[in-house]
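J.: Input file: protein_33.tsv. Contents: TSV, C-alpha atoms.
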chain	number	residue	atom	x	y	z
Z	1	MET	CA	44.70	230.02	88.42
Z	2	ILE	CA	44.63	226.43	89.69
Z	3	GLU	CA	45.01	223.58	87.20
Z	4	PHE	CA	41.51	222.36	88.04
Z	5	PHE	CA	40.73	220.27	84.97
Z	6	ILE	CA	44.09	218.49	84.96
Z	7	ASN	CA	43.81	217.25	88.55
Z	8	ILE	CA	40.23	215.95	88.71
Z	9	GLU	CA	38.43	212.78	87.70
Z	10	VAL	CA	34.80	212.79	86.63
Z	11	PHE	CA	32.66	209.71	86.15
Z	12	GLU	CA	28.98	208.86	85.82
Z	13	GLY	CA	26.96	207.31	88.60
Z	14	GLU	CA	23.85	207.43	90.75
Z	15	HIS	CA	22.97	209.04	94.06
Z	16	ARG	CA	19.59	208.52	95.70
Z	17	ASP	CA	18.10	207.16	92.45
Z	18	LYS	CA	19.27	210.18	90.43
Z	19	GLU	CA	21.92	210.28	87.72
Z	20	VAL	CA	24.91	212.33	88.85
Z	21	LEU	CA	28.50	213.10	87.93
Z	22	TRP	CA	30.98	212.15	90.65
Z	23	ILE	CA	34.02	214.41	91.02
Z	24	ARG	CA	37.25	213.22	92.59
Z	25	MET	CA	39.68	216.08	93.20
Z	26	PRO	CA	42.42	217.23	95.61
Z	27	ASN	CA	41.15	218.06	99.10
Z	28	LEU	CA	42.13	221.71	98.89
Z	29	THR	CA	40.10	224.83	99.68
Z	30	SER	CA	41.01	226.40	96.32
Z	31	TYR	CA	39.46	223.45	94.47
Z	32	LYS	CA	36.31	223.52	96.57
Z	33	LEU	CA	35.85	227.26	96.01
Z	34	PHE	CA	36.48	226.92	92.27
Z	35	LEU	CA	33.86	224.17	91.97
Z	36	LYS	CA	31.24	225.96	94.08
Z	37	GLN	CA	31.74	229.24	92.23
Z	38	ASN	CA	31.06	227.58	88.89
Z	39	ILE	CA	28.52	224.95	89.97
Z	40	PRO	CA	26.79	226.27	93.13
Z	41	SER	CA	24.61	223.12	93.31
Z	42	ALA	CA	27.67	220.85	93.83
Z	43	LYS	CA	27.36	218.71	96.98
Z	44	TRP	CA	29.64	216.57	99.10
Z	45	SER	CA	28.91	212.88	99.77
Z	46	ASN	CA	30.16	211.68	103.15
Z	47	SER	CA	29.68	208.04	102.20
Z	48	ARG	CA	31.61	208.29	98.93
Z	49	LYS	CA	34.01	211.02	100.08
Z	50	MET	CA	33.52	212.84	96.77
Z	51	TRP	CA	31.70	215.79	95.31
Z	52	TYR	CA	28.78	215.27	92.94
Z	53	VAL	CA	26.60	217.35	90.61
Z	54	SER	CA	23.49	216.57	88.60
Z	55	ASP	CA	24.14	214.88	85.25
Z	56	ALA	CA	23.03	217.91	83.25
Z	57	ILE	CA	24.26	219.31	79.93
Z	58	PHE	CA	25.68	222.54	81.38
Z	59	ASN	CA	27.57	220.59	84.08
Z	60	ARG	CA	29.06	218.25	81.48
Z	61	LYS	CA	30.13	221.23	79.40
Z	62	PHE	CA	31.80	222.89	82.35
Z	63	LEU	CA	33.58	219.70	83.43
Z	64	LYS	CA	34.69	219.15	79.81
Z	65	ILE	CA	33.29	215.67	79.42
Z	66	GLN	CA	31.41	214.25	76.47
Z	67	LEU	CA	27.75	215.20	76.25
Z	68	LYS	CA	25.52	212.27	77.01
Z	69	GLN	CA	22.77	211.07	74.74
Z	70	TYR	CA	19.47	210.91	76.58
Z	71	ASN	CA	18.47	207.29	77.20
Z	72	GLY	CA	15.41	207.64	79.43
Z	73	TYR	CA	17.07	205.54	82.14
Z	74	SER	CA	15.22	207.19	85.04
Z	75	LEU	CA	11.90	206.79	83.20
Z	76	LEU	CA	12.38	203.10	82.39
Z	77	LYS	CA	12.65	202.22	86.08
Z	78	LYS	CA	9.03	203.33	86.59
Z	79	ILE	CA	7.54	201.71	83.47
Z	80	HIS	CA	6.10	198.19	83.43
Z	81	ASP	CA	8.17	195.60	81.59
Z	82	ILE	CA	5.47	195.19	78.93
Z	83	ASN	CA	6.02	198.78	77.71
Z	84	LYS	CA	9.73	199.39	78.34
Z	85	SER	CA	10.74	198.42	74.83
Z	86	GLN	CA	8.32	200.98	73.39
Z	87	LEU	CA	9.98	203.86	75.25
Z	88	THR	CA	13.38	202.73	73.97
Z	89	ARG	CA	11.96	202.41	70.46
Z	90	TYR	CA	10.43	205.87	70.83
Z	91	ILE	CA	13.72	207.50	71.82
Z	92	ASP	CA	15.56	205.71	69.02
Z	93	GLN	CA	13.07	207.03	66.45
Z	94	LEU	CA	13.43	210.59	67.75
Z	95	ARG	CA	17.19	210.29	67.39
Z	96	LEU	CA	16.89	208.86	63.87
Z	97	LYS	CA	14.79	211.91	63.00
Z	98	ALA	CA	17.69	214.07	64.27
Z	99	TYR	CA	15.73	215.76	67.07
Z	100	SER	CA	17.83	217.72	69.57
Z	101	GLU	CA	18.71	216.09	72.89
Z	102	SER	CA	16.53	218.56	74.79
Z	103	THR	CA	13.52	217.77	72.56
Z	104	ILE	CA	14.16	214.04	72.89
Z	105	LYS	CA	14.13	214.37	76.68
Z	106	THR	CA	10.97	216.51	76.69
Z	107	TYR	CA	9.07	214.16	74.37
Z	108	ALA	CA	10.26	211.05	76.23
Z	109	VAL	CA	9.14	212.44	79.60
Z	110	GLU	CA	5.70	213.37	78.19
Z	111	PHE	CA	5.26	209.98	76.50
Z	112	ALA	CA	6.32	208.19	79.68
Z	113	GLN	CA	3.40	209.77	81.59
Z	114	TRP	CA	1.05	207.80	79.32
Z	115	LEU	CA	2.99	204.58	79.93
Z	116	TYR	CA	2.83	205.12	83.71
Z	117	ILE	CA	-0.96	205.33	83.52
Z	118	LEU	CA	-1.20	202.22	81.33
Z	119	ASN	CA	0.89	200.23	83.81
Z	120	ASP	CA	0.70	196.56	82.66
Z	121	PHE	CA	-1.59	197.30	79.70
Z	122	SER	CA	0.29	197.24	76.39
Z	123	VAL	CA	0.49	200.63	74.67
Z	124	LEU	CA	0.31	198.75	71.35
Z	125	GLU	CA	-3.30	197.85	72.11
Z	126	THR	CA	-4.52	201.36	72.92
Z	127	ASN	CA	-7.19	203.09	70.84
Z	128	HIS	CA	-8.72	206.53	70.19
Z	129	GLU	CA	-11.19	206.40	73.07
Z	130	GLN	CA	-8.53	205.53	75.62
Z	131	LEU	CA	-6.40	208.44	74.42
Z	132	ARG	CA	-9.34	210.84	74.53
Z	133	SER	CA	-10.13	209.74	78.10
Z	134	TYR	CA	-6.49	210.17	79.06
Z	135	MET	CA	-6.31	213.72	77.65
Z	136	LEU	CA	-9.52	214.62	79.49
Z	137	TYR	CA	-7.90	213.28	82.65
Z	138	CYS	CA	-4.86	215.50	82.02
Z	139	ILE	CA	-7.09	218.55	81.58
Z	140	LYS	CA	-9.75	217.97	84.27
Z	141	ASP	CA	-7.92	216.05	86.98
Z	142	LEU	CA	-4.25	216.93	86.55
Z	143	LYS	CA	-5.18	220.48	85.46
Z	144	LEU	CA	-2.16	220.75	83.18
Z	145	SER	CA	-1.50	224.07	81.49
Z	146	GLU	CA	-2.43	224.60	77.85
Z	147	ASN	CA	1.25	224.57	76.87
Z	148	GLN	CA	1.86	221.25	78.62
Z	149	ILE	CA	-1.26	219.74	77.07
Z	150	HIS	CA	0.08	220.67	73.63
Z	151	SER	CA	3.49	219.26	74.54
Z	152	ARG	CA	1.96	215.97	75.66
Z	153	LEU	CA	-0.21	215.74	72.56
Z	154	ASN	CA	2.82	216.34	70.33
Z	155	ALA	CA	4.73	213.60	72.12
Z	156	LEU	CA	1.87	211.12	71.75
Z	157	LYS	CA	1.28	212.15	68.15
Z	158	PHE	CA	4.92	211.38	67.34
Z	159	TYR	CA	4.61	207.89	68.84
Z	160	TYR	CA	1.43	206.87	67.06
Z	161	GLU	CA	2.18	208.52	63.72
Z	162	LYS	CA	5.98	208.27	63.42
Z	163	VAL	CA	6.76	205.15	65.44
Z	164	LEU	CA	3.65	203.03	64.85
Z	165	MET	CA	2.95	204.74	61.48
Z	166	ARG	CA	-0.75	205.33	62.18
Z	167	GLU	CA	-0.99	208.49	60.11
Z	168	THR	CA	-4.61	209.43	60.93
Z	169	PHE	CA	-4.58	208.37	64.54
Z	170	PHE	CA	-4.93	211.86	66.00
Z	171	PHE	CA	-7.67	213.27	63.80
Z	172	GLU	CA	-10.32	212.58	66.43
Z	173	ILE	CA	-8.47	214.17	69.36
Z	174	PRO	CA	-9.08	217.95	69.51
Z	175	ARG	CA	-6.42	220.31	70.78
Z	176	PRO	CA	-7.18	222.97	73.40
Z	177	LYS	CA	-7.11	226.52	72.12
Z	178	LYS	CA	-3.73	228.14	72.72
Z	179	ASN	CA	-3.50	231.22	74.89
Z	180	SER	CA	-2.61	234.09	72.56
Z	181	ALA	CA	-0.38	235.94	75.04
Z	182	LEU	CA	1.52	238.89	73.61
Z	183	PRO	CA	5.32	239.12	73.91
Z	184	LYS	CA	6.63	241.21	76.82
Z	185	VAL	CA	8.62	244.16	75.57
Z	186	LEU	CA	10.92	246.75	77.15
Z	187	SER	CA	10.87	250.36	75.97
Z	188	THR	CA	14.01	251.94	74.51
Z	189	LYS	CA	14.36	253.99	77.72
Z	190	GLU	CA	14.27	250.81	79.80
Z	191	ILE	CA	16.86	249.18	77.52
Z	192	LYS	CA	19.17	252.19	77.98
Z	193	ARG	CA	18.69	252.06	81.75
Z	194	LEU	CA	19.49	248.35	81.71
Z	195	PHE	CA	22.82	249.04	79.98
Z	196	GLU	CA	23.67	252.04	82.17
Z	197	VAL	CA	23.46	250.06	85.42
Z	198	THR	CA	25.53	247.13	84.09
Z	199	SER	CA	29.10	248.04	85.06
Z	200	ASN	CA	30.71	244.65	84.34
Z	201	LEU	CA	31.94	244.81	80.71
Z	202	LYS	CA	31.33	241.11	80.05
Z	203	HIS	CA	27.78	241.31	81.38
Z	204	LEU	CA	27.15	244.46	79.36
Z	205	MET	CA	28.33	242.78	76.15
Z	206	ILE	CA	26.05	239.81	76.82
Z	207	LEU	CA	23.01	242.08	77.18
Z	208	LYS	CA	23.95	244.27	74.21
Z	209	MET	CA	24.49	241.28	71.91
Z	210	GLY	CA	21.18	239.78	73.06
Z	211	TYR	CA	19.28	242.97	72.27
Z	212	GLY	CA	21.37	244.30	69.35
Z	213	LEU	CA	21.18	241.04	67.40
Z	214	GLY	CA	17.80	239.74	68.63
Z	215	LEU	CA	19.27	236.50	70.01
Z	216	ARG	CA	17.73	233.69	72.00
Z	217	VAL	CA	19.55	232.92	75.25
Z	218	SER	CA	20.94	229.67	73.77
Z	219	GLU	CA	22.25	231.66	70.79
Z	220	ILE	CA	24.07	234.04	73.13
Z	221	THR	CA	25.78	231.20	74.98
Z	222	ASN	CA	26.71	229.31	71.78
Z	223	LEU	CA	28.09	232.34	69.96
Z	224	LYS	CA	31.69	231.70	68.88
Z	225	ILE	CA	34.42	234.21	68.09
Z	226	ALA	CA	34.70	232.70	64.61
Z	227	ASN	CA	31.03	233.56	64.00
Z	228	ILE	CA	31.76	237.29	64.05
Z	229	ASP	CA	32.84	238.84	60.75
Z	230	SER	CA	33.87	242.41	61.59
Z	231	ASN	CA	34.89	243.12	57.98
Z	232	ARG	CA	31.43	242.42	56.61
Z	233	MET	CA	29.76	243.49	59.89
Z	234	ILE	CA	27.65	240.34	60.12
Z	235	VAL	CA	27.32	237.53	62.65
Z	236	HIS	CA	26.70	233.90	61.73
Z	237	ILE	CA	24.16	232.33	64.09
Z	238	GLN	CA	24.78	228.57	63.91
Z	239	GLY	CA	22.58	225.67	64.99
Z	240	ALA	CA	19.73	227.86	66.20
Z	241	LYS	CA	16.23	226.62	67.00
Z	242	GLY	CA	15.21	223.98	64.48
Z	243	LYS	CA	18.90	223.49	63.57
Z	244	LYS	CA	18.76	226.51	61.28
Z	245	ASP	CA	21.60	228.92	60.53
Z	246	ARG	CA	21.13	232.59	59.77
Z	247	TYR	CA	23.08	235.82	59.44
Z	248	VAL	CA	22.32	239.00	61.37
Z	249	PRO	CA	23.97	242.45	61.08
Z	250	LEU	CA	26.53	243.41	63.73
Z	251	PRO	CA	25.70	246.88	65.15
Z	252	PHE	CA	28.47	249.40	64.41
Z	253	THR	CA	28.17	250.92	67.89
Z	254	ILE	CA	29.19	247.69	69.59
Z	255	LEU	CA	32.33	246.90	67.57
Z	256	ASP	CA	34.80	249.00	69.62
Z	257	GLU	CA	33.39	247.66	72.89
Z	258	LEU	CA	33.72	244.09	71.61
Z	259	ARG	CA	37.38	244.68	70.79
Z	260	ILE	CA	38.02	246.07	74.30
Z	261	TYR	CA	36.16	243.11	75.78
Z	262	TYR	CA	38.19	240.64	73.71
Z	263	LYS	CA	41.53	242.14	74.84
Z	264	GLN	CA	40.44	242.16	78.47
Z	265	PHE	CA	38.83	238.71	78.79
Z	266	LYS	CA	40.75	236.83	76.04
Z	267	PRO	CA	38.06	234.23	75.17
Z	268	LYS	CA	39.40	231.23	73.26
Z	269	VAL	CA	36.46	229.64	71.40
Z	270	TYR	CA	33.15	231.03	72.62
Z	271	LEU	CA	32.62	234.78	72.80
Z	272	PHE	CA	31.36	234.44	76.37
Z	273	GLU	CA	33.23	231.80	78.37
Z	274	THR	CA	33.30	230.82	82.03
Z	275	LYS	CA	36.73	229.25	81.61
Z	276	PRO	CA	38.84	228.80	78.44
Z	277	GLU	CA	36.87	227.00	75.70
Z	278	ASN	CA	33.87	226.51	77.99
Z	279	ALA	CA	30.68	228.40	77.03
Z	280	ILE	CA	28.80	230.38	79.65
Z	281	SER	CA	25.60	228.66	80.82
Z	282	THR	CA	22.10	229.88	80.00
Z	283	ARG	CA	21.36	230.09	83.73
Z	284	THR	CA	24.23	232.52	84.23
Z	285	VAL	CA	23.00	234.72	81.36
Z	286	GLN	CA	19.49	234.72	82.81
Z	287	LEU	CA	20.85	235.71	86.22
Z	288	ILE	CA	22.89	238.54	84.66
Z	289	PHE	CA	19.74	239.92	83.03
Z	290	LYS	CA	17.71	239.57	86.23
Z	291	THR	CA	20.37	241.38	88.29
Z	292	SER	CA	20.62	244.27	85.81
Z	293	LYS	CA	16.84	244.52	85.56
Z	294	GLU	CA	16.56	244.86	89.33
Z	295	LYS	CA	19.33	247.49	89.41
Z	296	ALA	CA	17.53	249.43	86.68
Z	297	ASN	CA	14.32	249.27	88.75
Z	298	ILE	CA	12.39	247.65	85.89
Z	299	ILE	CA	9.33	246.06	87.47
Z	300	LYS	CA	7.94	244.38	84.34
Z	301	ASN	CA	7.70	240.60	84.59
Z	302	VAL	CA	10.03	239.95	81.68
Z	303	GLY	CA	12.94	237.55	81.23
Z	304	ILE	CA	16.06	237.57	79.05
Z	305	HIS	CA	13.92	236.62	76.01
Z	306	GLY	CA	12.34	240.06	76.37
Z	307	LEU	CA	15.48	241.52	74.75
Z	308	ARG	CA	14.73	239.55	71.58
Z	309	HIS	CA	11.07	240.64	71.69
Z	310	SER	CA	12.15	244.25	72.19
Z	311	TYR	CA	14.61	244.02	69.26
Z	312	ALA	CA	11.85	242.87	66.90
Z	313	THR	CA	9.29	245.39	68.17
Z	314	HIS	CA	11.68	248.33	67.95
Z	315	LEU	CA	12.75	247.33	64.42
Z	316	LEU	CA	9.09	247.39	63.41
Z	317	GLU	CA	8.63	250.81	65.01
Z	318	TYR	CA	11.65	252.10	63.06
Z	319	GLY	CA	9.91	251.08	59.83
Z	320	THR	CA	11.66	247.77	59.07
Z	321	ASP	CA	9.71	245.49	56.74
Z	322	MET	CA	8.06	242.51	58.44
Z	323	SER	CA	9.63	240.01	56.03
Z	324	ILE	CA	13.12	241.29	56.91
Z	325	ILE	CA	12.41	240.98	60.65
Z	326	GLN	CA	11.22	237.43	59.99
Z	327	LYS	CA	14.59	236.52	58.44
Z	328	LEU	CA	16.57	238.26	61.19
Z	329	LEU	CA	14.69	236.30	63.87
Z	330	GLY	CA	14.87	233.02	61.94
Z	331	HIS	CA	11.10	232.44	61.90
Z	332	ASN	CA	9.74	229.86	59.44
Z	333	ASN	CA	6.43	231.64	59.02
Z	334	VAL	CA	5.83	235.39	58.85
Z	335	LYS	CA	2.69	234.86	60.97
Z	336	THR	CA	4.99	234.15	63.93
Z	337	THR	CA	6.64	237.53	63.36
Z	338	GLU	CA	3.37	239.38	62.90
Z	339	VAL	CA	2.62	239.13	66.62
Z	340	TYR	CA	4.99	242.09	67.13
Z	341	ALA	CA	2.58	244.30	65.20
Z	342	LYS	CA	0.22	243.87	68.16
Z	343	VAL	CA	2.66	245.32	70.68
Z	344	THR	CA	4.19	248.15	68.67
Z	345	ASN	CA	3.12	251.66	69.67
Z	346	THR	CA	3.50	253.11	66.15
Z	347	ILE	CA	-0.24	253.07	65.52
Z	348	PHE	CA	-1.15	254.13	69.07
Z	349	ASN	CA	1.06	257.22	68.82
Z	350	LYS	CA	-1.18	258.50	66.00
Z	351	LEU	CA	-4.39	258.00	67.96
Z	352	ARG	CA	-6.05	260.27	70.47
Z	353	SER	CA	-8.36	258.95	73.12
Z	354	PRO	CA	-11.78	260.58	73.39
Z	355	LEU	CA	-10.78	261.38	76.98
Z	356	ASP	CA	-8.02	263.68	75.64
Z	357	GLU	CA	-10.62	265.63	73.66
Z	358	LEU	CA	-12.81	266.56	76.61
So, in terms of structure tokens, how does the structure I just supplied come out?
T.:
Amino acid sequence: MIEFFINIEVFEGEHRDKEVLWIRMPNLTSYKLFLKQNIPSAKWSNSRKMWYVSDAIFNRKFLKIQLKQYNGYSLLKKIHDINKSQLTRYIDQLRLKAYSESTIKTYAVEFAQWLYILNDFSVLETNHEQLRSYMLYCIKDLKLSENQIHSRLNALKFYYEKVLMRETFFFEIPRPKKNSALPKVLSTKEIKRLFEVTSNLKHLMILKMGYGLGLRVSEITNLKIANIDSNRMIVHIQGAKGKKDRYVPLPFTILDELRIYYKQFKPKVYLFETKPENAISTRTVQLIFKTSKEKANIIKNVGIHGLRHSYATHLLEYGTDMSIIQKLLGHNNVKTTEVYAKVTNTIFNKLRSPLDEL
């Protein structure tokens, strides 16, 4: 293995008005292949005579450089001077409230759309009617999805109520009704097929841990060896959604496979690593699931999160109490968990269609 991380330099910069990470490394084929295998989006700059990648979290993790706090730099360049300080103030308040970096970025981008529209009009002077008109514009003219409308409203609500401290500011702005889409679930036969076609042991363990523990994709990638307690047969899920920890049972059937996997791949910190002490990316996990799904000839339009949905649905079908499933999934409210009662086939199996009686 080449000593890639010892012989490279990485530093922040810009390329074509986008924030990038410049990579200076030996001009050797082995280095180029190593970089492209791990970051396929890496590009070469003829003018700078260096490689560069987008300044994204997963790229920083791979290159082993400190994660960057989101500062809204690219947004500020498009905002009028009169409102720039408000975006900075907004981001600072989100950070003081201990929001995650991904949430800070999402909220900042949504709030910035409002500042773009206002242009040289101060956001401090806006009122209810202007906001109502703006949201109608988002719905009727921009035709934003219901989810994005909710995201934008949440971002604006945070600014007016948590930054400007106008507690009742949003009472007069109605929210669009959310689409009550049901979770997409795989059958137990499809889950078995998915595992059978996955020959790579590492990939198989990723899929089995995702389904067997009901994990989100970010929880799979962040899972550390130290989180697994094989004596008590439990796994500690740390820093999950909402910065909440929880414990989930480790399936007995996976323990021997995990030990074989550990001896073969020798992970150092994270259970699933690309290179020593470097967690696998969520994109890679998603691609692993997609590849296995295609091999298993599963035509359902379902992503990696479908393993978590399937875990909860199958637990319910096996007679597990809803309140226990709620704790295993880490849901704040049991109503969030109750949606799985709508996709379980336990009730349907007891019913006969009038067509069957003819």
J.: Quick one: distance from CA of Leu215 in chain Z to CA of Ile234 in chain Z in Å, one decimal?
T.: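 Calculated distance between CA of Leu215 in chain Z and CA of Ile234 in chain Z is 13.5 Å.
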J.: Please list as a CSV table (one decimal) with C-alpha atoms, keeping the file's coordinate frame every residue within 12 Å of Glu338 in chain Z, counting only C-alpha atoms and excluding residues in the same chain fewer than 4 positions away.
T.:
chain,number,residue,atom,x,y,z
Z,182,LEU,CA,1.5,238.9,73.6
Z,183,PRO,CA,5.3,239.1,73.9
Z,309,HIS,CA,11.1,240.6,71.7
Z,312,ALA,CA,11.8,242.9,66.9
Z,313,THR,CA,9.3,245.4,68.2
Z,316,LEU,CA,9.1,247.4,63.4
Z,321,ASP,CA,9.7,245.5,56.7
Z,322,MET,CA,8.1,242.5,58.4
Z,323,SER,CA,9.6,240.0,56.0
Z,324,ILE,CA,13.1,241.3,56.9
Z,325,ILE,CA,12.4,241.0,60.6
Z,326,GLN,CA,11.2,237.4,60.0
Z,329,LEU,CA,14.7,236.3,63.9
Z,331,HIS,CA,11.1,232.4,61.9
Z,332,ASN,CA,9.7,229.9,59.4
Z,333,ASN,CA,6.4,231.6,59.0
Z,334,VAL,CA,5.8,235.4,58.8
Z,342,LYS,CA,0.2,243.9,68.2
Z,343,VAL,CA,2.7,245.3,70.7
Z,344,THR,CA,4.2,248.2,68.7
J.: In file coordinates, which residues lie within 12 Å of (37.2, 243.8, 69.4) using all atoms listed in the file, given as a short mmCIF file (atom, residue, chain, number, x, y, z; two decimals) with C-alpha atoms, keeping the file's coordinate frame?
T.:
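Below is the file part_38.cif, written as the result:
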data_model
loop_
_atom_site.label_atom_id
_atom_site.label_comp_id
_atom_site.auth_asym_id
_atom_site.auth_seq_id
_atom_site.Cartn_x
_atom_site.Cartn_y
_atom_site.Cartn_z
CA MET Z 205 28.33 242.78 76.15
CA ILE Z 225 34.42 234.21 68.09
CA ILE Z 228 31.76 237.29 64.05
CA ASP Z 229 32.84 238.84 60.75
CA SER Z 230 33.87 242.41 61.59
CA ASN Z 231 34.89 243.12 57.98
CA PHE Z 252 28.47 249.40 64.41
CA THR Z 253 28.17 250.92 67.89
CA ILE Z 254 29.19 247.69 69.59
CA LEU Z 255 32.33 246.90 67.57
CA ASP Z 256 34.80 249.00 69.62
CA GLU Z 257 33.39 247.66 72.89
CA LEU Z 258 33.72 244.09 71.61
CA ARG Z 259 37.38 244.68 70.79
CA ILE Z 260 38.02 246.07 74.30
CA TYR Z 261 36.16 243.11 75.78
CA TYR Z 262 38.19 240.64 73.71
CA LYS Z 263 41.53 242.14 74.84
CA GLN Z 264 40.44 242.16 78.47
CA PHE Z 265 38.83 238.71 78.79
CA LYS Z 266 40.75 236.83 76.04
CA PRO Z 267 38.06 234.23 75.17
CA LEU Z 271 32.62 234.78 72.80
#
J.: Can you tell me, as lines of an AutoDock Vina configuration file, the centre and edge lengths (Å, one decimal) of the axis-aligned box enclosing all of range 280-288 of chain Z's listed atoms after padding each side by 4 Å?
T.:
center_x = 24.1
center_y = 233.6
center_z = 82.9
size_x = 17.3
size_y = 17.9
size_z = 14.6
J.: Which of these residues is nearest to Asn59 in chain Z, using all atoms listed in the file: Z:Val339, Z:Ile8, Z:Ile191, Z:Ile39?
T.: Z:Ile39
J.: Which is closer to Ser292 in chain Z than all the others in Z:Ser145, Z:Asn222, Z:Asn200, Z:Ser187, using all atoms listed in the file?
T.: Z:Asn200
J.: Would you kindly return, as a ChimeraX atom specification, each protein, DNA or RNA residue with an atom no farther than 12 Å from any atom of Asp120 in chain Z, considering only C-alpha atoms and excluding same-chain residues fewer than 4 positions away?
T.: /Z:78-84,114-116,124-125
J.: Quote the spacing between CA of Lys64 in chain Z and CA of Lys202 in chain Z in Å to one decimal place.
T.: 22.2 Å
J.: One decimal, Å: what's the distance from CA of Gly214 in chain Z over to CA of Ile149 in chain Z, could you say?
T.: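 These two atoms are separated by 28.9 Å.
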J.: Taking all atoms listed in the file into account, which of Z:Ile299, Z:Leu131, Z:Met50, Z:Ile23 comes nearest Lys157 in chain Z?
T.: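 For Lys157 in chain Z, the nearest of the given residues is Z:Leu131.
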J.: My list of candidates is Z:Tyr52, Z:Phe289, Z:Phe58, Z:Phe34. Which is closest to Trp22 in chain Z when distances are computed with all atoms listed in the file?
T.: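 Closest to Trp22 in chain Z of all the choices is Z:Tyr52.
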J.: Nearest residue to Asn345 in chain Z out of Z:Glu317, Z:Glu294, Z:Glu196, Z:Glu146, using all atoms listed in the file?
T.: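 Comparing Z:Glu317, Z:Glu294, Z:Glu196, Z:Glu146 against Asn345 in chain Z, the winner is Z:Glu317.
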J.: Point out the residue among Z:Leu28, Z:Ala155, Z:Ile288, Z:Val20 with the least atom-to-atom distance to Leu204 in chain Z, counting all atoms listed in the file.
T.: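 Selected residue with least distance to Leu204 in chain Z: Z:Ile288.
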J.: Excluding Asn154 in chain Z and any residue of its chain fewer than 4 positions from it, enumerate the residues within 9 Å of it, using all atoms listed in the file, and give them as a list of chain:residue names.
T.: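 In the requested form, the answer reads Z:Tyr107, Z:Glu110, Z:Ile149, Z:His150, Z:Phe158, Z:Tyr159.
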J.: Compile the contact shell of Lys32 in chain Z as a list of chain:residue names: residues with an atom at most 12 Å away, counting all atoms listed in the file, same-chain residues fewer than 3 positions apart removed.
T.: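 The residues that qualify are Z:Ile2, Z:Phe4, Z:Ile8, Z:Ile23, Z:Arg24, Z:Met25, Z:Pro26, Z:Asn27, Z:Leu28, Z:Thr29, Z:Leu35, Z:Lys36, Z:Gln37, Z:Asn38, Z:Ile39, Z:Pro40, Z:Ala42, Z:Lys43, Z:Trp44, Z:Met50, Z:Trp51, Z:Tyr52.
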